[in-house]
$ cat upload11.cif   # mmCIF, C-alpha atoms and all ligand atoms
data_my_file
loop_
_atom_site.label_atom_id
_atom_site.label_comp_id
_atom_site.auth_asym_id
_atom_site.auth_seq_id
_atom_site.Cartn_x
_atom_site.Cartn_y
_atom_site.Cartn_z
CA MET A 1092 -0.49 14.84 -27.45
CA LEU A 1093 0.49 17.13 -24.54
CA ASP A 1094 3.80 18.84 -23.85
CA VAL A 1095 3.06 19.45 -20.17
CA LEU A 1096 0.55 17.73 -17.90
CA ALA A 1097 -0.04 18.74 -14.27
CA ILE A 1098 -1.60 16.11 -12.03
CA ALA A 1099 -3.12 17.21 -8.73
CA ALA A 1100 -5.33 15.82 -5.96
CA HIS A 1101 -8.09 18.45 -5.98
CA PRO A 1102 -9.60 20.97 -8.37
CA ASP A 1103 -7.92 24.31 -7.47
CA ASP A 1104 -4.57 22.76 -6.41
CA VAL A 1105 -2.88 23.45 -9.75
CA GLU A 1106 -4.15 27.05 -9.66
CA GLN A 1107 -2.11 27.55 -6.50
CA THR A 1108 1.01 25.51 -7.21
CA CYS A 1109 1.91 25.65 -10.91
CA GLY A 1110 -0.85 27.54 -12.78
CA GLY A 1111 1.49 30.38 -13.72
CA THR A 1112 3.97 27.95 -15.25
CA LEU A 1113 1.22 26.17 -17.22
CA LEU A 1114 -0.01 29.52 -18.51
CA SER A 1115 3.49 30.65 -19.40
CA MET A 1116 4.17 27.41 -21.30
CA ALA A 1117 0.83 27.70 -23.16
CA GLU A 1118 1.86 31.21 -24.18
CA LYS A 1119 5.10 29.80 -25.59
CA GLY A 1120 2.97 27.55 -27.80
CA TYR A 1121 3.14 24.32 -25.81
CA ARG A 1122 0.09 22.12 -25.34
CA THR A 1123 -0.73 21.93 -21.65
CA GLY A 1124 -3.22 19.94 -19.62
CA ILE A 1125 -4.46 19.35 -16.08
CA LEU A 1126 -5.69 16.13 -14.53
CA ASP A 1127 -7.31 16.23 -11.09
CA LEU A 1128 -7.59 12.91 -9.28
CA THR A 1129 -10.60 13.85 -7.14
CA ALA A 1130 -13.53 16.24 -7.48
CA GLY A 1131 -13.25 17.44 -3.88
CA ASP A 1132 -16.38 15.55 -2.77
CA MET A 1133 -15.44 15.83 0.93
CA GLY A 1134 -15.03 19.62 0.76
CA THR A 1135 -17.06 21.78 3.14
CA ARG A 1136 -18.27 24.00 0.30
CA GLY A 1137 -19.73 23.18 -3.10
CA THR A 1138 -20.56 19.87 -4.79
CA PRO A 1139 -18.29 17.75 -7.01
CA GLU A 1140 -20.34 18.85 -10.06
CA THR A 1141 -19.87 22.54 -9.27
CA ARG A 1142 -16.16 22.13 -8.61
CA VAL A 1143 -15.59 20.24 -11.86
CA ALA A 1144 -17.53 22.93 -13.78
CA GLU A 1145 -15.50 25.65 -12.06
CA SER A 1146 -12.29 23.77 -12.85
CA GLN A 1147 -13.18 23.96 -16.55
CA ASP A 1148 -13.58 27.75 -16.27
CA ALA A 1149 -10.21 27.94 -14.52
CA ALA A 1150 -8.60 25.78 -17.25
CA LYS A 1151 -9.78 28.26 -19.90
CA ILE A 1152 -8.11 31.13 -18.04
CA LEU A 1153 -4.89 29.08 -17.86
CA LEU A 1154 -5.16 28.30 -21.61
CA ALA A 1155 -5.02 24.57 -20.89
CA GLN A 1156 -6.08 22.41 -23.81
CA TYR A 1157 -7.21 19.57 -21.61
CA ARG A 1158 -8.68 19.21 -18.13
CA GLY A 1159 -9.89 15.89 -16.79
CA ASN A 1160 -11.04 14.51 -13.47
CA LEU A 1161 -10.69 10.86 -12.43
CA HIS A 1162 -13.24 11.14 -9.58
CA PHE A 1163 -11.14 9.13 -7.14
CA PRO A 1164 -12.39 9.41 -3.51
CA ASP A 1165 -11.42 12.77 -1.97
CA ALA A 1166 -9.68 12.97 1.44
CA ARG A 1167 -9.17 9.21 1.43
CA LEU A 1168 -7.14 8.82 -1.74
CA GLU A 1169 -5.37 5.48 -1.82
CA ASN A 1170 -2.38 4.34 -3.82
CA SER A 1171 -4.12 1.22 -5.12
CA MET A 1172 -3.39 -0.89 -8.18
CA PRO A 1173 -6.74 0.02 -9.87
CA GLY A 1174 -5.98 3.71 -9.24
CA ARG A 1175 -2.48 3.45 -10.69
CA MET A 1176 -3.75 1.50 -13.70
CA THR A 1177 -6.49 4.07 -14.41
CA LEU A 1178 -3.98 6.89 -14.21
CA ALA A 1179 -1.43 4.98 -16.32
CA ALA A 1180 -4.07 4.54 -19.05
CA ARG A 1181 -4.77 8.29 -19.04
CA ILE A 1182 -1.04 9.09 -19.19
CA ARG A 1183 -0.76 6.81 -22.24
CA GLU A 1184 -3.61 8.70 -23.93
CA LEU A 1185 -2.29 12.17 -23.15
CA LYS A 1186 1.41 11.37 -23.76
CA PRO A 1187 2.90 14.31 -21.84
CA ARG A 1188 6.63 14.97 -22.26
CA VAL A 1189 6.75 16.80 -18.93
CA LEU A 1190 4.70 15.84 -15.90
CA ILE A 1191 4.14 18.13 -12.91
CA LEU A 1192 3.29 16.39 -9.62
CA PRO A 1193 2.75 17.71 -6.09
CA TYR A 1194 5.85 17.67 -3.88
CA TRP A 1195 6.17 14.30 -2.13
CA GLU A 1196 5.74 15.61 1.42
CA GLY A 1197 2.93 17.76 2.78
CA ARG A 1198 0.21 18.24 5.34
CA HIS A 1199 -2.64 16.80 3.29
CA PRO A 1200 -2.33 13.04 2.68
CA ASP A 1201 -4.05 13.38 -0.74
CA HIS A 1202 -1.23 15.63 -1.92
CA TYR A 1203 1.69 13.38 -1.10
CA ARG A 1204 -0.27 10.33 -2.19
CA THR A 1205 -0.93 11.99 -5.57
CA SER A 1206 2.81 12.47 -5.90
CA GLU A 1207 3.37 8.77 -5.28
CA ILE A 1208 0.49 7.51 -7.44
CA GLY A 1209 1.60 9.83 -10.25
CA TYR A 1210 5.18 8.59 -10.21
CA GLU A 1211 4.21 4.94 -10.05
CA ALA A 1212 1.56 5.33 -12.79
CA CYS A 1213 4.25 6.81 -15.06
CA PHE A 1214 6.36 3.75 -14.46
CA LEU A 1215 3.45 1.43 -15.35
CA ALA A 1216 2.51 3.54 -18.39
CA GLY A 1217 5.93 2.83 -19.89
CA LEU A 1218 5.68 -0.96 -19.65
CA LYS A 1219 5.18 -2.45 -23.08
CA LYS A 1220 3.29 -5.49 -21.82
CA LEU A 1221 0.89 -3.55 -19.55
CA ASP A 1222 -1.86 -3.98 -22.11
CA GLN A 1223 -2.00 -4.70 -25.80
CA TYR A 1224 -4.42 -1.93 -26.77
CA THR A 1225 -2.49 1.23 -25.94
CA GLU A 1226 0.99 2.46 -26.78
CA PRO A 1227 3.49 2.59 -23.93
CA HIS A 1228 4.43 6.11 -22.87
CA ARG A 1229 6.56 7.46 -20.06
CA PRO A 1230 7.01 11.20 -19.50
CA PHE A 1231 10.61 12.33 -20.07
CA LYS A 1232 10.70 14.71 -17.13
CA ILE A 1233 8.91 14.85 -13.77
CA LEU A 1234 8.78 18.17 -11.90
CA TYR A 1235 7.54 18.46 -8.33
CA ALA A 1236 5.63 21.66 -7.56
CA SER A 1237 7.09 22.66 -4.18
CA ILE A 1238 5.39 25.99 -3.43
CA TYR A 1239 3.93 24.79 -0.12
CA ALA A 1240 6.83 22.52 0.82
CA ASN A 1241 9.33 25.05 2.22
CA VAL A 1242 12.29 23.29 0.60
CA GLN A 1243 15.09 24.65 -1.58
CA PRO A 1244 13.77 24.62 -5.17
CA SER A 1245 15.85 23.14 -7.99
CA PHE A 1246 14.62 26.02 -10.15
CA VAL A 1247 12.00 28.77 -10.21
CA VAL A 1248 9.84 29.78 -13.18
CA ASP A 1249 9.20 33.50 -13.70
CA ILE A 1250 5.42 34.02 -13.58
CA SER A 1251 5.40 37.83 -13.29
CA ALA A 1252 3.35 38.19 -16.50
CA GLN A 1253 1.00 35.37 -15.50
CA PHE A 1254 0.39 36.02 -11.81
CA GLU A 1255 -2.82 38.05 -12.15
CA ARG A 1256 -4.43 35.50 -14.45
CA ARG A 1257 -3.36 32.67 -12.17
CA MET A 1258 -5.16 34.56 -9.37
CA SER A 1259 -8.28 34.86 -11.59
CA SER A 1260 -8.15 31.13 -12.30
CA LEU A 1261 -8.25 30.41 -8.56
CA LEU A 1262 -11.12 32.83 -8.01
CA ALA A 1263 -13.04 31.00 -10.76
CA TYR A 1264 -13.85 28.51 -7.98
CA ARG A 1265 -16.69 30.70 -6.81
CA SER A 1266 -18.14 27.95 -4.58
CA GLN A 1267 -14.84 27.88 -2.64
CA TYR A 1268 -13.76 31.49 -2.57
CA GLY A 1269 -17.00 33.43 -2.93
CA GLU A 1270 -18.87 35.05 -0.08
CA THR A 1271 -20.41 31.97 1.55
CA LYS A 1272 -21.44 31.41 5.15
CA ASP A 1273 -20.50 27.67 5.23
CA GLY A 1274 -17.13 27.26 6.84
CA GLN A 1275 -16.52 31.00 7.13
CA ASP A 1276 -13.90 30.42 9.83
CA LEU A 1277 -12.11 27.82 7.65
CA PHE A 1278 -11.95 29.83 4.43
CA PRO A 1279 -10.00 33.08 4.15
CA ASP A 1280 -11.61 35.94 2.22
CA GLU A 1281 -10.46 37.07 -1.21
CA ALA A 1282 -8.20 39.88 0.03
CA GLU A 1283 -6.44 37.51 2.39
CA ILE A 1284 -5.97 34.87 -0.32
CA ARG A 1285 -4.58 37.45 -2.71
CA GLU A 1286 -2.12 38.78 -0.15
CA ARG A 1287 -0.99 35.31 0.84
CA LEU A 1288 -0.48 34.05 -2.71
CA ALA A 1289 1.23 37.25 -3.79
CA ALA A 1290 3.62 37.07 -0.81
CA ILE A 1291 4.59 33.47 -1.60
CA ALA A 1292 5.02 34.12 -5.35
CA ARG A 1293 6.99 37.27 -4.54
CA PHE A 1294 9.34 35.32 -2.27
CA TYR A 1295 10.16 32.82 -5.01
CA GLY A 1296 10.38 35.52 -7.68
CA ASN A 1297 12.89 37.32 -5.51
CA LEU A 1298 15.15 34.25 -5.55
CA ILE A 1299 15.58 34.60 -9.34
CA GLY A 1300 15.39 38.38 -9.60
CA THR A 1301 11.83 38.64 -10.92
CA LYS A 1302 8.60 39.86 -9.35
CA TYR A 1303 6.71 36.56 -9.06
CA GLY A 1304 7.88 32.96 -9.34
CA GLU A 1305 6.81 29.34 -8.94
CA PRO A 1306 9.30 26.84 -7.45
CA PHE A 1307 9.93 23.26 -8.55
CA VAL A 1308 12.11 20.40 -7.39
CA VAL A 1309 13.58 17.76 -9.70
CA LYS A 1310 15.28 14.63 -8.43
CA GLU A 1311 17.90 14.59 -11.18
CA THR A 1312 20.83 16.98 -11.52
CA MET A 1313 20.12 19.91 -13.84
CA ARG A 1314 22.35 20.00 -16.91
CA VAL A 1315 23.85 23.25 -18.20
CA ASP A 1316 25.33 23.52 -21.71
CA ASP A 1317 26.28 27.21 -21.71
CA VAL A 1318 27.66 28.63 -18.47
CA VAL A 1319 27.97 32.08 -20.06
CA ALA A 1320 24.22 32.31 -20.66
CA MET A 1321 23.25 31.31 -17.12
CA GLY A 1322 20.65 33.57 -15.51
CA VAL A 1323 20.27 34.93 -11.93
CA ARG A 1324 22.97 37.25 -10.66
CA SER A 1325 25.40 35.89 -8.05
CA ILE A 1326 26.85 39.15 -6.69
ZN ZN A 1401 -5.50 20.06 -2.49
#

$ encode --input "upload11.cif" --output "structure tokens" --more "lines below"
Ligand SMILES: [Zn+2]
Amino acid sequence: MLDVLAIAAHPDDVEQTCGGTLLSMAEKGYRTGILDLTAGDMGTRGTPETRVAESQDAAKILLAQYRGNLHFPDARLENSMPGRMTLAARIRELKPRVLILPYWEGRHPDHYRTSEIGYEACFLAGLKKLDQYTEPHRPFKILYASIYANVQPSFVVDISAQFERRMSSLLAYRSQYGETKDGQDLFPDEAEIRERLAAIARFYGNLIGTKYGEPFVVKETMRVDDVVAMGVRSI
């Protein structure tokens, strides 16, 4: 059903880590989707209902054909068998060829746990005897969105044409990024967010000779069939 599915811990994660890539792929005609594991119920600002509603607005801006939320417990996400089974069932329904997960190390436990749960759910989803009601499915490729990981990316996607809309998709979370008094010292204002995200995207774009970019890590070696057509200037 989907060509690309991004799985993240919280609504608004994907908008910061791989939203430009999702948008770019949708513009190439691929069917893209987003699945958030939690609704951010421990967040200082907003309610889970508001955040899920805002995530649907953001998904429209990113031209995603699907956005779901599994409502797992926020800030205390566990890699449990029921969690993996629930996610495996959803992966079987959505049948993504490419799966985007958070990088496997990070400050927030929910992020690295999502990476682990996502990988292990893919494994389960491919087991024929898991259940008799759904077709087995395992994504062909797993990409790890590494924008906040400070590691050497395996590749960078040019998001120069998508950056502004990715920014709009993040600002669609008005409960998080609007002018609110709650947690004012915790949440940067819009100008600060814009500058920060632009600087990071600019850094990665610079690595491939474009304005803005989003980095990814893959665990497998990248295959090249045509060395003459390879991009990114060496000298
Ligand atoms: Zn998050």

$ residues_around --input "upload11.cif" --residues "Phe1294 of chain A" --least-positions-apart "4" --cutoff "12 Å" --atoms "all atoms listed in the file" --output "mmCIF file with C-alpha atoms, in the frame of the given file"
data_model
loop_
_atom_site.group_PDB
_atom_site.id
_atom_site.type_symbol
_atom_site.label_atom_id
_atom_site.label_comp_id
_atom_site.auth_asym_id
_atom_site.auth_seq_id
_atom_site.Cartn_x
_atom_site.Cartn_y
_atom_site.Cartn_z
ATOM 1 C CA ILE A 1238 5.390 25.990 -3.430
ATOM 2 C CA ASN A 1241 9.330 25.050 2.220
ATOM 3 C CA PRO A 1244 13.770 24.620 -5.170
ATOM 4 C CA VAL A 1247 12.000 28.770 -10.210
ATOM 5 C CA ASP A 1249 9.200 33.500 -13.700
ATOM 6 C CA SER A 1251 5.400 37.830 -13.290
ATOM 7 C CA ARG A 1287 -0.990 35.310 0.840
ATOM 8 C CA LEU A 1288 -0.480 34.050 -2.710
ATOM 9 C CA ALA A 1289 1.230 37.250 -3.790
ATOM 10 C CA ALA A 1290 3.620 37.070 -0.810
ATOM 11 C CA LEU A 1298 15.150 34.250 -5.550
ATOM 12 C CA ILE A 1299 15.580 34.600 -9.340
ATOM 13 C CA GLY A 1300 15.390 38.380 -9.600
ATOM 14 C CA THR A 1301 11.830 38.640 -10.920
ATOM 15 C CA LYS A 1302 8.600 39.860 -9.350
ATOM 16 C CA TYR A 1303 6.710 36.560 -9.060
ATOM 17 C CA GLY A 1304 7.880 32.960 -9.340
ATOM 18 C CA GLU A 1305 6.810 29.340 -8.940
ATOM 19 C CA PRO A 1306 9.300 26.840 -7.450
#

$ closest_residue --input "upload11.cif" --among "A:Ala1166, A:Ile1191, A:Ala1150, A:Ile1208" --to "ligand ZN 1401 (chain A)" --atoms "all atoms listed in the file"
A:Ala1166

$ closest_residue --input "upload11.cif" --among "A:Ala1320, A:Leu1093, A:Leu1154, A:Leu1128" --to "ligand ZN 1401 (chain A)" --atoms "all atoms listed in the file"
A:Leu1128

$ closest_residue --input "upload11.cif" --among "A:His1199, A:Lys1119, A:Arg1188, A:Arg1175" --to "ligand ZN 1401 (chain A)" --atoms "all atoms listed in the file"
A:His1199

$ residues_around --input "upload11.cif" --residues "His1101 of chain A" --least-positions-apart "6" --cutoff "9 Å" --atoms "only C-alpha atoms" --output "ChimeraX atom specification"
/A:1127-1131,1160,1165,1201-1202

$ residues_around --input "upload11.cif" --residues "Gly1120 of chain A" --least-positions-apart "3" --cutoff "12 Å" --atoms "all atoms listed in the file" --output "mmCIF file with C-alpha atoms, in the frame of the given file"
data_model
loop_
_atom_site.group_PDB
_atom_site.id
_atom_site.type_symbol
_atom_site.label_atom_id
_atom_site.label_comp_id
_atom_site.auth_asym_id
_atom_site.auth_seq_id
_atom_site.Cartn_x
_atom_site.Cartn_y
_atom_site.Cartn_z
ATOM 1 C CA LEU A 1093 0.490 17.130 -24.540
ATOM 2 C CA ASP A 1094 3.800 18.840 -23.850
ATOM 3 C CA VAL A 1095 3.060 19.450 -20.170
ATOM 4 C CA LEU A 1113 1.220 26.170 -17.220
ATOM 5 C CA LEU A 1114 -0.010 29.520 -18.510
ATOM 6 C CA SER A 1115 3.490 30.650 -19.400
ATOM 7 C CA MET A 1116 4.170 27.410 -21.300
ATOM 8 C CA ALA A 1117 0.830 27.700 -23.160
ATOM 9 C CA THR A 1123 -0.730 21.930 -21.650
ATOM 10 C CA LEU A 1154 -5.160 28.300 -21.610
ATOM 11 C CA ALA A 1155 -5.020 24.570 -20.890
ATOM 12 C CA GLN A 1156 -6.080 22.410 -23.810
#

$ residues_around --input "upload11.cif" --residues "Glu1226 of chain A" --least-positions-apart "4" --cutoff "12 Å" --atoms "all atoms listed in the file" --output "list of chain:residue names"
A:Ala1179, A:Ala1180, A:Arg1181, A:Ile1182, A:Arg1183, A:Glu1184, A:Leu1185, A:Lys1186, A:Leu1215, A:Ala1216, A:Gly1217, A:Leu1218, A:Lys1219, A:Lys1220, A:Leu1221, A:Asp1222

$ atom_distance --input "upload11.cif" --atom1 "atom CA of Arg1265 of chain A" --atom2 "atom CA of Glu1145 of chain A"
7.4 Å

$ closest_residue --input "upload11.cif" --among "A:Glu1255, A:Arg1136, A:Arg1198, A:Pro1102" --to "Phe1278 of chain A" --atoms "only C-alpha atoms"
A:Arg1136

$ closest_residue --input "upload11.cif" --among "A:Thr1177, A:Asn1170, A:Thr1205, A:Thr1112" --to "Ala1100 of chain A" --atoms "all atoms listed in the file"
A:Thr1205

$ atom_distance --input "upload11.cif" --atom1 "atom CA of Thr1138 of chain A" --atom2 "atom CA of Phe1163 of chain A"
14.5 Å

$ closest_residue --input "upload11.cif" --among "A:Ile1152, A:Leu1192, A:Ile1233, A:Val1318" --to "ligand ZN 1401 (chain A)" --atoms "all atoms listed in the file"
A:Leu1192
